Amino acid sequence: MSTNISASHFSSHDGNGPLLELAGVRASYGPIEVLHGVDLVVPQGSVVALLGPNGAGKSTILKVCSGLLQPTAGEVRVAGRVINGATADQLARLGLCTIPEGKGVFPNLTVRENLWMATMAGVSLSDVEEIAYARFPRLGERRKQLAGTMSGGEQQMLSMARALSVNPALLLLDELSMGLAPLVVANLYEIVAQVSEEGVSILVSEQFARTVLGIAHYAAIVLHGNVTRVGTPAELEDELSAAYLGS
Amino acid sequence: MQQFVQYTILGLVLGGVYFIAASGLVVTYTTSGIFNFSQGAIAMLAAFTYWQLRWGWGWPAPIALLVVLGVLAPALGAVLYQVVMKNLRGTSEVTKIVVSVGVMLGFLALATWVWNPTASSPRNFQKFFGANAIVEIFGVRITWHEIISFVLALGIAAGIRFLFVRTRSGVAMRAVVDDPELLELNGGRPERLATISWAGGAFLAALAGILITPITGSSMSANALTLLVIDAFAAAMFGRLKSLPRTFVGAIVLGLTNYYVVAYFPSSWTWTSAFRQSIPMIMLFIILIILPQDRLRGTTVLRTRERFHMPTMRTAWIAALVLVVVMFSLQTIMQPSPMKTLAYGMTLAMIALSLVLLTGLAGEINLAALSFGAIGTIVVFHFGTTGSGLDARMTLWGIVLASLVCAVVGAVVALPALRLRGLYLALATMAFGVFVSKMVLSEGNPRRLFGRDFTIFPGGTLRIPRPKIGPVDFNSDKAFLTLVTVLFALLAIGLVAIRHSGYGRRLAAMKDSPAACATLGMSVVRLKLSVFMLSAAVAGLGGVLMSAQLGAVSAERFDIFLSLSLLMVTVVGGIGYASGALLAGLFLGCSLLAMTNTLTKLGADYASIQAIFAFMISAVTVLPATIGITMGKNPSGAVTDIVKGLNDIKQARPLMFTIIGFEVGIWLLTATDVLTNWNFVILTAINLLVVPPLGGAIMKKRAYAKAGVAPPTPAEFIGIDRAYTQLDLDEMESVLGFDALGVAAPVLHEGEPAHAPA
Ligand SMILES: Nc1ncnc2c1ncn2[C@@H]1O[C@H](COP(=O)(O)OP(=O)(O)OP(=O)(O)O)[C@@H](O)[C@H]1O
Ligand SMILES: [Mg+2]
């Protein structure tokens, strides 16, 4: 399968079709298959939440989208182009931004050096710093501090700062809430909502459905490596409790 | 004053070269998290290659330099990373250490192979512009070579610092160690950065090698040159493998001490030269003591790829019994000389067992197992023998004392490094090993110690008799082989028992997560210390028996490179199992020797193609290292595969009985002198290597015939041996993912020949 990605940016795509599309995606770690044919669509400019119990395969779906894990079958399309086979760094330079689970920072690099790494996606360091420090003044005060010595919330701010400043077409977020106080989580999702208003399409995985359903346009329930149900948050209210308690 | 200036300048120069070598270590460690033990060997290879081009073939210096430093060294580093080191992501520290040690041993064997150490004319390695290109500074004469070396060191220090702090690529290199995946998500290319840094690291090693060889004026010996650059480890450690300024300070202190010792130690101190050679290792040791404790990392859960099963006690007893029976039946048919070889292999296996205990159970590393064997041997020589001449015997008390002393020495060696990560303990043991080789085993002259004349290692060889325990004399080859086999079997059972005990579980827990253990209130240091002492005692015991087997031992028997080989082969065999130790001991002690002997004999018999056999002998010496290097791909060791194979054979009863039957037959023929020992070995090898796959194939065919189904056609023969079916097409499509492309799948009509899609 070839990578037919041209040099053009994903965001130059101007149809009303979906920005991200997964069709029959299967993926495995070694011999163990964990995604058994996932179909999912993220429409242009919308926020889609992946919900489901531990080990359902949410992080794996995000890994496939970001290029860290190659699907064994099926297709991943971004802006209408098949991206199977593209590596994570290629995708990142083409306008896909991923904040991975739990550890979105380089602990042994300073705050400023962490932001410097974000510039590999093709933005200038001064722009990144300006946006990051304007949104999170706390980071500006600590630009010389090692990221690993900051609090969990501050580290999450730093990784969000990257998402804000590289101006992505598609943002993938994995469990922003992990290990953070509810207030911090609420703040982070406020920012996610603002980013979404700027027209960025977002796919977010989250354990705590309530926090994310407030800002999501659609939600998909993931169970045992399958997307079992997709709908608006209102439609899914009832099924959510079943997904977490039953099965 | 004149002298002070002179030695200071020389010290600064040497320190500068140490820094160049150490900075290469820092660069590769920073980007790949692998401490490159082969750094010294790369430097050595570069020095030899440069010598070959410059003086062997008479090339002009600039061209030779360009080829070695500009092309060969970086290419070697890049290839090393791409082929070997890249596969080490997600493996344990042990595997990382062993693989780079394997590379080092491989390069050493390669150098001895290409550049015959007993060459007729000595290899002369000269300074840049010759030894007479001298300038005078402060009334001191300095060669241009020395000036160039120091200036280069300063330039490299500044350059690397600029790279790591001021350039995005440099910062990204540091980011790679933290989290290569995250760097990829940022849009970086971790693989490319790591490759570049390994190329750079090899370049720095090569430069250091070319500069240092004429400075120390040492002869062109592969081992000595390798150790020379290993000395730079101390400097890199002083910088904690990341800080370049500290590395620079460490290197300069190292260089200065080296020359001040020459200048100011009284010439009557006969041990000055040995001490000078040990300075780097002593410093390494001191640095480890003062190094602050690592932050225990509890947050990052490592998923390592090594997997070891725990054998049951019953399996252990059966295996031990089988081993003893096999050895017993072997010794009844064997001639003395192979029996000696076998006993030597068994004693090595016992030393390897100490590594299984330490590394397999507790995840700690000892790079100098044989040095503990040396300590044990010295103890037995002085305090553990009775009788003299042919009646001399080792006493039980001597064996026990040797083990105890080794345990205590082990505690002293390990204590400073126990607070630190495994790599540091490994380095501490290596420092200890080099120290023992250079300062203890070289003590051939009498010294006055505590008012008594005493020689530690008189005459460079120690005569060690075989033991007599109570009324039982183990002097004969047969009795001794039985003794070591039974001892090995008992120790192996003990090992499995430890694994099943609460102590063993605590060790396993510590291996997986020291941080978690600490939070559970276990004393990690006490655990580590106890297991290290236990392991040192076993190593000492094995070493004593090894010396007894050899009868007379010299210092080379305890060489650090031998210890490293043993560790490597044990890890290859399977560091989690006693059988891995057995395999390692027999391989290193017997197979290698047997192979070289056979090849030498064949070479003598067929003189016309003797050159081919000579080549093969050299190839055999590279073998262990080559296997070690492949560890990255299969970090659980060979035993895992063998056990799987054995299980398969156990499932197939007829096959098992065939093999056992054949083997008994071969044994009977040998016992009745129909077959010679060598034929026995060869037939056994054929029986074990050829019968299982062959028999397996036959059995499979039979099974298919019995079930009445045709054996599956290999994919490439479908359409040739038989026609395509719709099933094949469907499978091919799902493999190639055509349906995802939305192309209509070709539907095959019954009986119509199909063509493979282009
Ligand atoms: N690196 C890996 N190797 C092997 N199996 C893995 C790996 N990562 C995840 N898995 C397995 O894949 C399955 C899906 O895991 P995944 O991380 O996608 O779940 P998740 O929905 O994100 O769960 P959580 O909400 O706990 O983060 C799990 O069964 C997990 O054990
Ligand atoms: Mg997850």
# chains A, B, ... in the order shown; residues from 1 in each chain; ligands from 1

$ residues_near_ligand --ligand "ligand 2" --cutoff "12 Å" --atoms "only C-alpha atoms and all ligand atoms" --output "MDAnalysis selection string"
chainID A and resid 50:63 99:103 173:178 204:208 222

$ interface_residues --of "chain A" --to "chain B" --cutoff "10 Å" --atoms "only C-alpha atoms" --output "ChimeraX atom specification"
/A:1,23-25,66-68,72-76,82,87-100,103-110,113-122,162-163,166

$ write_last_selection --atoms "N, CA and C atoms" --output "compact mmCIF listing (two decimals), in the first residue's frame"
# COMPACT_ATOMS: atom_id res chain seq x y z
N MET A 1 0.83 -1.19 0.00
CA MET A 1 0.00 0.00 0.00
C MET A 1 0.87 1.24 0.00
N ALA A 23 -11.94 2.87 8.03
CA ALA A 23 -12.84 1.90 7.40
C ALA A 23 -12.30 0.50 7.62
N GLY A 24 -13.00 -0.26 8.41
CA GLY A 24 -12.64 -1.67 8.63
C GLY A 24 -11.24 -1.85 9.18
N VAL A 25 -10.82 -0.95 10.07
CA VAL A 25 -9.43 -1.01 10.54
C VAL A 25 -9.22 -2.12 11.57
N SER A 66 -2.47 8.16 14.33
CA SER A 66 -1.30 9.02 14.37
C SER A 66 -0.11 8.42 13.64
N GLY A 67 -0.25 7.16 13.20
CA GLY A 67 0.84 6.56 12.43
C GLY A 67 1.83 5.78 13.27
N LEU A 68 1.62 5.71 14.60
CA LEU A 68 2.55 4.95 15.44
C LEU A 68 2.36 3.46 15.27
N THR A 72 -3.39 -3.64 10.31
CA THR A 72 -3.14 -4.86 9.55
C THR A 72 -4.16 -5.03 8.43
N ALA A 73 -5.26 -4.32 8.53
CA ALA A 73 -6.26 -4.36 7.47
C ALA A 73 -7.08 -3.08 7.54
N GLY A 74 -7.79 -2.78 6.47
CA GLY A 74 -8.62 -1.59 6.47
C GLY A 74 -7.85 -0.36 6.05
N GLU A 75 -8.55 0.77 6.08
CA GLU A 75 -7.95 2.02 5.59
C GLU A 75 -8.13 3.14 6.58
N VAL A 76 -7.12 3.98 6.68
CA VAL A 76 -7.25 5.22 7.41
C VAL A 76 -7.14 6.33 6.38
N VAL A 82 -5.62 8.19 1.56
CA VAL A 82 -5.25 7.02 2.36
C VAL A 82 -3.89 7.28 2.99
N THR A 87 4.45 7.34 8.20
CA THR A 87 4.97 7.27 9.56
C THR A 87 4.47 8.46 10.37
N ALA A 88 4.61 8.32 11.69
CA ALA A 88 4.09 9.34 12.59
C ALA A 88 4.73 10.70 12.32
N ASP A 89 6.03 10.70 12.03
CA ASP A 89 6.67 12.01 11.84
C ASP A 89 6.22 12.68 10.55
N GLN A 90 5.98 11.87 9.51
CA GLN A 90 5.46 12.45 8.27
C GLN A 90 4.10 13.10 8.53
N LEU A 91 3.24 12.37 9.23
CA LEU A 91 1.89 12.89 9.49
C LEU A 91 1.96 14.16 10.33
N ALA A 92 2.88 14.15 11.32
CA ALA A 92 2.99 15.32 12.19
C ALA A 92 3.39 16.54 11.38
N ARG A 93 4.27 16.35 10.42
CA ARG A 93 4.70 17.50 9.62
C ARG A 93 3.63 17.94 8.64
N LEU A 94 2.61 17.07 8.44
CA LEU A 94 1.54 17.42 7.51
C LEU A 94 0.33 18.00 8.22
N GLY A 95 0.43 18.23 9.52
CA GLY A 95 -0.66 18.92 10.19
C GLY A 95 -1.53 18.06 11.07
N LEU A 96 -0.96 16.97 11.59
CA LEU A 96 -1.70 16.14 12.52
C LEU A 96 -0.98 16.26 13.85
N CYS A 97 -1.73 16.61 14.88
CA CYS A 97 -1.06 16.78 16.18
C CYS A 97 -1.62 15.78 17.17
N THR A 98 -0.75 15.02 17.82
CA THR A 98 -1.20 14.01 18.77
C THR A 98 -0.63 14.30 20.15
N ILE A 99 -1.49 14.32 21.13
CA ILE A 99 -1.03 14.40 22.53
C ILE A 99 -1.24 13.02 23.13
N PRO A 100 -0.16 12.26 23.35
CA PRO A 100 -0.34 10.88 23.81
C PRO A 100 -0.75 10.82 25.28
N LYS A 103 1.89 11.25 29.05
CA LYS A 103 3.24 11.80 29.04
C LYS A 103 3.50 12.56 27.75
N GLY A 104 2.96 13.72 27.67
CA GLY A 104 3.13 14.46 26.43
C GLY A 104 4.36 15.34 26.40
N VAL A 105 5.26 15.20 27.39
CA VAL A 105 6.44 16.08 27.43
C VAL A 105 7.72 15.26 27.53
N PHE A 106 8.83 15.91 27.19
CA PHE A 106 10.14 15.28 27.37
C PHE A 106 10.66 15.69 28.75
N PRO A 107 10.70 14.77 29.71
CA PRO A 107 11.02 15.16 31.09
C PRO A 107 12.41 15.78 31.26
N ASN A 108 13.39 15.38 30.47
CA ASN A 108 14.74 15.90 30.67
C ASN A 108 15.08 17.10 29.81
N LEU A 109 14.06 17.65 29.17
CA LEU A 109 14.26 18.88 28.41
C LEU A 109 13.56 20.02 29.16
N THR A 110 14.06 21.23 28.99
CA THR A 110 13.40 22.36 29.65
C THR A 110 12.11 22.67 28.93
N GLU A 113 12.83 24.08 25.59
CA GLU A 113 13.30 23.07 24.63
C GLU A 113 12.17 22.17 24.19
N ASN A 114 11.23 21.90 25.10
CA ASN A 114 10.06 21.13 24.72
C ASN A 114 9.28 21.85 23.61
N LEU A 115 9.12 23.16 23.80
CA LEU A 115 8.40 23.92 22.78
C LEU A 115 9.19 23.95 21.47
N TRP A 116 10.49 23.95 21.60
CA TRP A 116 11.36 23.95 20.41
C TRP A 116 11.07 22.71 19.57
N MET A 117 10.86 21.59 20.24
CA MET A 117 10.59 20.34 19.52
C MET A 117 9.29 20.43 18.71
N ALA A 118 8.36 21.24 19.24
CA ALA A 118 7.10 21.39 18.51
C ALA A 118 7.30 22.04 17.15
N THR A 119 8.37 22.80 17.02
CA THR A 119 8.57 23.54 15.77
C THR A 119 8.91 22.63 14.59
N MET A 120 9.15 21.35 14.89
CA MET A 120 9.45 20.44 13.78
C MET A 120 8.24 20.24 12.88
N ALA A 121 7.08 20.63 13.38
CA ALA A 121 5.89 20.53 12.55
C ALA A 121 5.81 21.70 11.57
N GLY A 122 6.80 22.57 11.61
CA GLY A 122 6.86 23.62 10.59
C GLY A 122 6.40 24.99 11.04
N ARG A 162 1.60 22.79 22.86
CA ARG A 162 2.05 22.34 21.54
C ARG A 162 0.85 22.23 20.59
N ALA A 163 -0.23 21.63 21.12
CA ALA A 163 -1.41 21.48 20.28
C ALA A 163 -1.92 22.82 19.79
N VAL A 166 0.91 24.63 17.04
CA VAL A 166 1.31 24.13 15.73
C VAL A 166 0.18 24.24 14.71

$ atom_distance --atom1 "atom CA of Arg143 of chain A" --atom2 "atom CA of Leu172 of chain A"
25.2 Å

$ residues_around --residues "segment 342-352 of chain B" --least-positions-apart "2" --cutoff "7 Å" --atoms "only C-alpha atoms" --output "number ranges by chain"
B: 338-340, 354-356, 369, 481, 484-485, 488, 538-539, 542-543, 545-546, 549, 566-567, 570, 581-582, 584-586, 588-590

$ closest_residue --among "A:Val227, A:Val123, A:Leu240, A:Leu183" --to "ligand 1" --atoms "only C-alpha atoms and all ligand atoms"
A:Val227

$ residues_around --residues "segment 527-534 of chain B" --least-positions-apart "3" --cutoff "6 Å" --atoms "only C-alpha atoms" --output "PyMOL selection string"
chain B and resi 407+410-411+524+537

$ residues_around --residues "Ala224 of chain B" --least-positions-apart "2" --cutoff "12 Å" --atoms "only C-alpha atoms" --output "JSON, numbers by chain"
{"B": [40, 41, 43, 44, 45, 47, 108, 117, 209, 212, 213, 216, 217, 218, 219, 220, 221, 222, 226, 227, 228, 229, 230, 231, 277, 434, 438, 559, 560, 561]}

$ write_last_selection --atoms "N, CA, C and O atoms" --output "short mmCIF file (atom, residue, chain, number, x, y, z; two decimals), in the first residue's frame"
data_model
loop_
_atom_site.label_atom_id
_atom_site.label_comp_id
_atom_site.auth_asym_id
_atom_site.auth_seq_id
_atom_site.Cartn_x
_atom_site.Cartn_y
_atom_site.Cartn_z
N GLY B 40 35.94 1.40 23.14
CA GLY B 40 37.37 1.14 23.13
C GLY B 40 37.79 0.30 21.94
O GLY B 40 38.84 0.51 21.34
N ALA B 41 36.94 -0.66 21.58
CA ALA B 41 37.27 -1.54 20.46
C ALA B 41 37.22 -0.78 19.14
O ALA B 41 38.02 -1.04 18.23
N ALA B 43 37.93 2.39 18.81
CA ALA B 43 39.18 3.16 18.80
C ALA B 43 40.34 2.28 18.37
O ALA B 43 41.18 2.68 17.56
N MET B 44 40.37 1.06 18.90
CA MET B 44 41.45 0.13 18.57
C MET B 44 41.42 -0.22 17.08
O MET B 44 42.45 -0.18 16.40
N LEU B 45 40.24 -0.52 16.57
CA LEU B 45 40.12 -0.85 15.14
C LEU B 45 40.60 0.32 14.28
O LEU B 45 41.30 0.13 13.28
N ALA B 47 42.74 2.65 15.11
CA ALA B 47 44.19 2.78 15.19
C ALA B 47 44.87 1.77 14.27
O ALA B 47 45.80 2.11 13.53
N LEU B 108 37.47 -7.24 18.76
CA LEU B 108 38.76 -7.71 19.23
C LEU B 108 39.20 -8.94 18.43
O LEU B 108 40.34 -9.02 17.96
N PRO B 117 48.82 -10.88 15.89
CA PRO B 117 49.55 -10.28 17.00
C PRO B 117 51.02 -10.71 17.07
O PRO B 117 51.84 -10.03 17.67
N GLY B 209 41.42 7.00 19.41
CA GLY B 209 42.33 5.87 19.21
C GLY B 209 43.59 6.28 18.47
O GLY B 209 44.70 5.90 18.85
N ILE B 212 45.72 8.60 20.82
CA ILE B 212 46.28 8.08 22.07
C ILE B 212 47.37 7.04 21.84
O ILE B 212 48.29 6.90 22.64
N THR B 213 47.29 6.32 20.73
CA THR B 213 48.24 5.21 20.54
C THR B 213 49.70 5.66 20.60
O THR B 213 50.47 5.11 21.36
N THR B 216 50.79 7.24 24.42
CA THR B 216 51.18 6.36 25.52
C THR B 216 52.32 5.45 25.10
O THR B 216 52.88 4.76 25.94
N GLY B 217 52.64 5.47 23.82
CA GLY B 217 53.78 4.70 23.36
C GLY B 217 53.62 3.21 23.56
O GLY B 217 54.58 2.46 23.53
N SER B 218 52.36 2.77 23.77
CA SER B 218 52.16 1.35 23.99
C SER B 218 52.27 0.61 22.65
O SER B 218 52.10 1.20 21.59
N SER B 219 52.54 -0.66 22.74
CA SER B 219 52.67 -1.44 21.52
C SER B 219 51.27 -1.63 20.92
O SER B 219 50.26 -1.43 21.58
N MET B 220 51.23 -2.01 19.66
CA MET B 220 49.94 -2.16 19.00
C MET B 220 49.34 -3.51 19.38
O MET B 220 49.38 -4.46 18.62
N SER B 221 48.78 -3.59 20.60
CA SER B 221 48.10 -4.82 21.00
C SER B 221 46.61 -4.52 21.10
O SER B 221 46.21 -3.51 21.68
N ALA B 222 45.82 -5.39 20.50
CA ALA B 222 44.38 -5.13 20.42
C ALA B 222 43.77 -4.98 21.80
O ALA B 222 43.06 -4.01 22.08
N THR B 226 42.29 -1.46 23.44
CA THR B 226 40.88 -1.39 23.82
C THR B 226 40.74 -0.90 25.25
O THR B 226 39.93 -0.02 25.55
N LEU B 227 41.56 -1.47 26.14
CA LEU B 227 41.48 -1.07 27.55
C LEU B 227 41.85 0.39 27.74
O LEU B 227 41.33 1.07 28.61
N LEU B 228 42.76 0.87 26.88
CA LEU B 228 43.20 2.25 26.98
C LEU B 228 42.03 3.22 26.89
O LEU B 228 41.93 4.17 27.67
N VAL B 229 41.15 2.97 25.95
CA VAL B 229 40.03 3.88 25.78
C VAL B 229 38.93 3.59 26.79
O VAL B 229 38.18 4.48 27.19
N ILE B 230 38.89 2.34 27.26
CA ILE B 230 37.92 2.02 28.32
C ILE B 230 38.22 2.87 29.55
O ILE B 230 37.34 3.20 30.33
N ASP B 231 39.50 3.25 29.69
CA ASP B 231 39.86 4.12 30.80
C ASP B 231 39.02 5.40 30.82
O ASP B 231 38.79 5.98 31.87
N GLN B 277 48.50 2.12 35.85
CA GLN B 277 47.55 1.53 34.90
C GLN B 277 46.16 1.34 35.50
O GLN B 277 45.18 1.28 34.78
N VAL B 434 39.44 -5.25 36.26
CA VAL B 434 40.68 -4.73 35.70
C VAL B 434 41.70 -4.49 36.82
O VAL B 434 42.89 -4.78 36.68
N LYS B 438 45.37 -6.11 37.03
CA LYS B 438 46.56 -5.27 36.92
C LYS B 438 47.35 -5.17 38.21
O LYS B 438 48.56 -5.06 38.19
N ASP B 559 41.32 -13.22 32.92
CA ASP B 559 41.27 -11.98 32.17
C ASP B 559 39.85 -11.43 32.10
O ASP B 559 38.88 -12.18 32.01
N ILE B 560 39.75 -10.11 32.12
CA ILE B 560 38.43 -9.47 32.09
C ILE B 560 37.67 -9.83 30.81
O ILE B 560 36.47 -10.02 30.80
N PHE B 561 38.44 -9.99 29.71
CA PHE B 561 37.76 -10.32 28.45
C PHE B 561 37.15 -11.71 28.49
O PHE B 561 36.13 -11.97 27.86
#

$ residues_around --residues "Lys127 of chain B" --least-positions-apart "3" --cutoff "7 Å" --atoms "only C-alpha atoms" --output "list in words"
Gly130, Ala131, His145 and Pro214 of chain B

$ write_last_selection --atoms "C-alpha atoms" --output "PDB file, in the first residue's frame"
ATOM      1  CA  GLY B 130      56.924  12.385  13.326  1.00  0.00           C
ATOM      2  CA  ALA B 131      58.331  12.294  16.838  1.00  0.00           C
ATOM      3  CA  HIS B 145      50.991  15.815  17.941  1.00  0.00           C
ATOM      4  CA  PRO B 214      51.503   7.114  19.979  1.00  0.00           C
TER       5      PRO B 214
END

$ closest_residue --among "B:Ala61, B:Met1, B:Leu689, B:Val571" --to "Ala263 of chain B" --atoms "only C-alpha atoms"
B:Met1

$ select_by_dssp --residues "segment 193-272 of chain B" --states "helix (DSSP H, G or I)" --output "JSON, numbers by chain"
{"B": [193, 194, 195, 196, 197, 198, 199, 200, 201, 202, 203, 204, 205, 206, 207, 208, 209, 210, 211, 212, 213, 214, 215, 216, 222, 223, 224, 225, 226, 227, 228, 229, 230, 233, 234, 235, 236, 237, 238, 244, 245, 246, 247, 248, 249, 250, 251, 252, 253, 254, 255, 256, 257, 258, 259, 260, 261, 262, 263, 264, 272]}

$ atom_distance --atom1 "atom CA of Gln156 of chain A" --atom2 "atom CA of Tyr133 of chain A"
13.9 Å

$ residues_around --residues "Ala236 of chain B" --least-positions-apart "5" --cutoff "10 Å" --atoms "only C-alpha atoms" --output "number ranges by chain"
B: 18-19, 21-26, 231, 241-244, 246-251, 284

$ write_last_selection --atoms "N, CA, C and O atoms" --output "mmCIF file, in the first residue's frame"
data_model
loop_
_atom_site.group_PDB
_atom_site.id
_atom_site.type_symbol
_atom_site.label_atom_id
_atom_site.label_comp_id
_atom_site.auth_asym_id
_atom_site.auth_seq_id
_atom_site.Cartn_x
_atom_site.Cartn_y
_atom_site.Cartn_z
ATOM 1 N N TYR B 18 41.392 11.541 26.546
ATOM 2 C CA TYR B 18 40.366 10.829 27.305
ATOM 3 C C TYR B 18 39.014 11.509 27.098
ATOM 4 O O TYR B 18 37.985 10.853 26.941
ATOM 5 N N PHE B 19 39.048 12.842 27.101
ATOM 6 C CA PHE B 19 37.776 13.545 26.940
ATOM 7 C C PHE B 19 37.148 13.233 25.591
ATOM 8 O O PHE B 19 35.944 13.045 25.491
ATOM 9 N N ALA B 21 37.361 10.562 23.814
ATOM 10 C CA ALA B 21 36.744 9.239 23.872
ATOM 11 C C ALA B 21 35.480 9.268 24.721
ATOM 12 O O ALA B 21 34.444 8.715 24.339
ATOM 13 N N ALA B 22 35.564 9.945 25.880
ATOM 14 C CA ALA B 22 34.414 9.977 26.779
ATOM 15 C C ALA B 22 33.250 10.723 26.153
ATOM 16 O O ALA B 22 32.092 10.331 26.313
ATOM 17 N N SER B 23 33.545 11.784 25.398
ATOM 18 C CA SER B 23 32.452 12.549 24.801
ATOM 19 C C SER B 23 31.707 11.687 23.790
ATOM 20 O O SER B 23 30.495 11.808 23.643
ATOM 21 N N GLY B 24 32.438 10.799 23.111
ATOM 22 C CA GLY B 24 31.755 9.876 22.197
ATOM 23 C C GLY B 24 30.765 9.007 22.951
ATOM 24 O O GLY B 24 29.643 8.776 22.496
ATOM 25 N N LEU B 25 31.167 8.553 24.138
ATOM 26 C CA LEU B 25 30.262 7.757 24.968
ATOM 27 C C LEU B 25 29.025 8.551 25.350
ATOM 28 O O LEU B 25 27.901 8.048 25.299
ATOM 29 N N VAL B 26 29.266 9.800 25.751
ATOM 30 C CA VAL B 26 28.150 10.641 26.183
ATOM 31 C C VAL B 26 27.174 10.848 25.024
ATOM 32 O O VAL B 26 25.961 10.755 25.190
ATOM 33 N N ASP B 231 39.498 3.255 29.690
ATOM 34 C CA ASP B 231 39.861 4.125 30.805
ATOM 35 C C ASP B 231 39.020 5.398 30.824
ATOM 36 O O ASP B 231 38.792 5.985 31.871
ATOM 37 N N LEU B 241 27.341 10.639 32.486
ATOM 38 C CA LEU B 241 26.932 10.290 31.127
ATOM 39 C C LEU B 241 26.079 11.355 30.473
ATOM 40 O O LEU B 241 25.456 11.109 29.462
ATOM 41 N N LYS B 242 26.012 12.568 31.085
ATOM 42 C CA LYS B 242 25.315 13.603 30.351
ATOM 43 C C LYS B 242 26.006 14.952 30.370
ATOM 44 O O LYS B 242 25.960 15.652 29.379
ATOM 45 N N SER B 243 26.652 15.311 31.469
ATOM 46 C CA SER B 243 27.224 16.640 31.525
ATOM 47 C C SER B 243 28.604 16.666 30.868
ATOM 48 O O SER B 243 29.536 16.000 31.312
ATOM 49 N N LEU B 244 28.727 17.452 29.795
ATOM 50 C CA LEU B 244 30.018 17.521 29.106
ATOM 51 C C LEU B 244 31.078 18.276 29.899
ATOM 52 O O LEU B 244 32.228 17.846 29.946
ATOM 53 N N ARG B 246 31.490 18.464 33.080
ATOM 54 C CA ARG B 246 31.998 17.576 34.130
ATOM 55 C C ARG B 246 32.844 16.461 33.532
ATOM 56 O O ARG B 246 33.852 16.057 34.105
ATOM 57 N N THR B 247 32.421 15.965 32.377
ATOM 58 C CA THR B 247 33.211 14.937 31.716
ATOM 59 C C THR B 247 34.600 15.467 31.411
ATOM 60 O O THR B 247 35.612 14.779 31.597
ATOM 61 N N PHE B 248 34.639 16.739 30.979
ATOM 62 C CA PHE B 248 35.927 17.349 30.650
ATOM 63 C C PHE B 248 36.812 17.409 31.888
ATOM 64 O O PHE B 248 37.980 17.009 31.856
ATOM 65 N N VAL B 249 36.233 17.878 32.994
ATOM 66 C CA VAL B 249 37.007 17.959 34.238
ATOM 67 C C VAL B 249 37.516 16.572 34.618
ATOM 68 O O VAL B 249 38.699 16.384 34.942
ATOM 69 N N GLY B 250 36.628 15.594 34.580
ATOM 70 C CA GLY B 250 37.012 14.235 34.940
ATOM 71 C C GLY B 250 38.173 13.742 34.095
ATOM 72 O O GLY B 250 39.140 13.160 34.607
ATOM 73 N N ALA B 251 38.091 13.990 32.793
ATOM 74 C CA ALA B 251 39.134 13.513 31.891
ATOM 75 C C ALA B 251 40.473 14.171 32.197
ATOM 76 O O ALA B 251 41.517 13.515 32.225
ATOM 77 N N LEU B 284 37.168 5.373 38.708
ATOM 78 C CA LEU B 284 35.805 4.985 38.360
ATOM 79 C C LEU B 284 35.084 4.517 39.619
ATOM 80 O O LEU B 284 33.942 4.876 39.887
#

$ decode --residues "segment 173-179 of chain A" --atoms "N, CA and C atoms" --output "tab-separated table (two decimals), in the first residue's frame"
chain	number	residue	atom	x	y	z
A	173	LEU	N	-6.32	13.55	20.93
A	173	LEU	CA	-6.02	13.70	22.36
A	173	LEU	C	-6.32	12.39	23.07
A	174	ASP	N	-5.36	11.92	23.90
A	174	ASP	CA	-5.59	10.68	24.63
A	174	ASP	C	-5.61	10.94	26.13
A	175	GLU	N	-6.77	10.83	26.72
A	175	GLU	CA	-6.92	10.94	28.18
A	175	GLU	C	-6.22	12.14	28.77
A	176	LEU	N	-6.71	13.31	28.42
A	176	LEU	CA	-6.17	14.53	29.01
A	176	LEU	C	-6.31	14.50	30.52
A	177	SER	N	-7.33	13.79	31.00
A	177	SER	CA	-7.68	13.89	32.42
A	177	SER	C	-6.80	13.05	33.31
A	178	MET	N	-5.96	12.20	32.71
A	178	MET	CA	-5.25	11.20	33.50
A	178	MET	C	-4.51	11.81	34.69
A	179	GLY	N	-4.94	11.44	35.88
A	179	GLY	CA	-4.26	11.83	37.10
A	179	GLY	C	-4.38	13.30	37.47
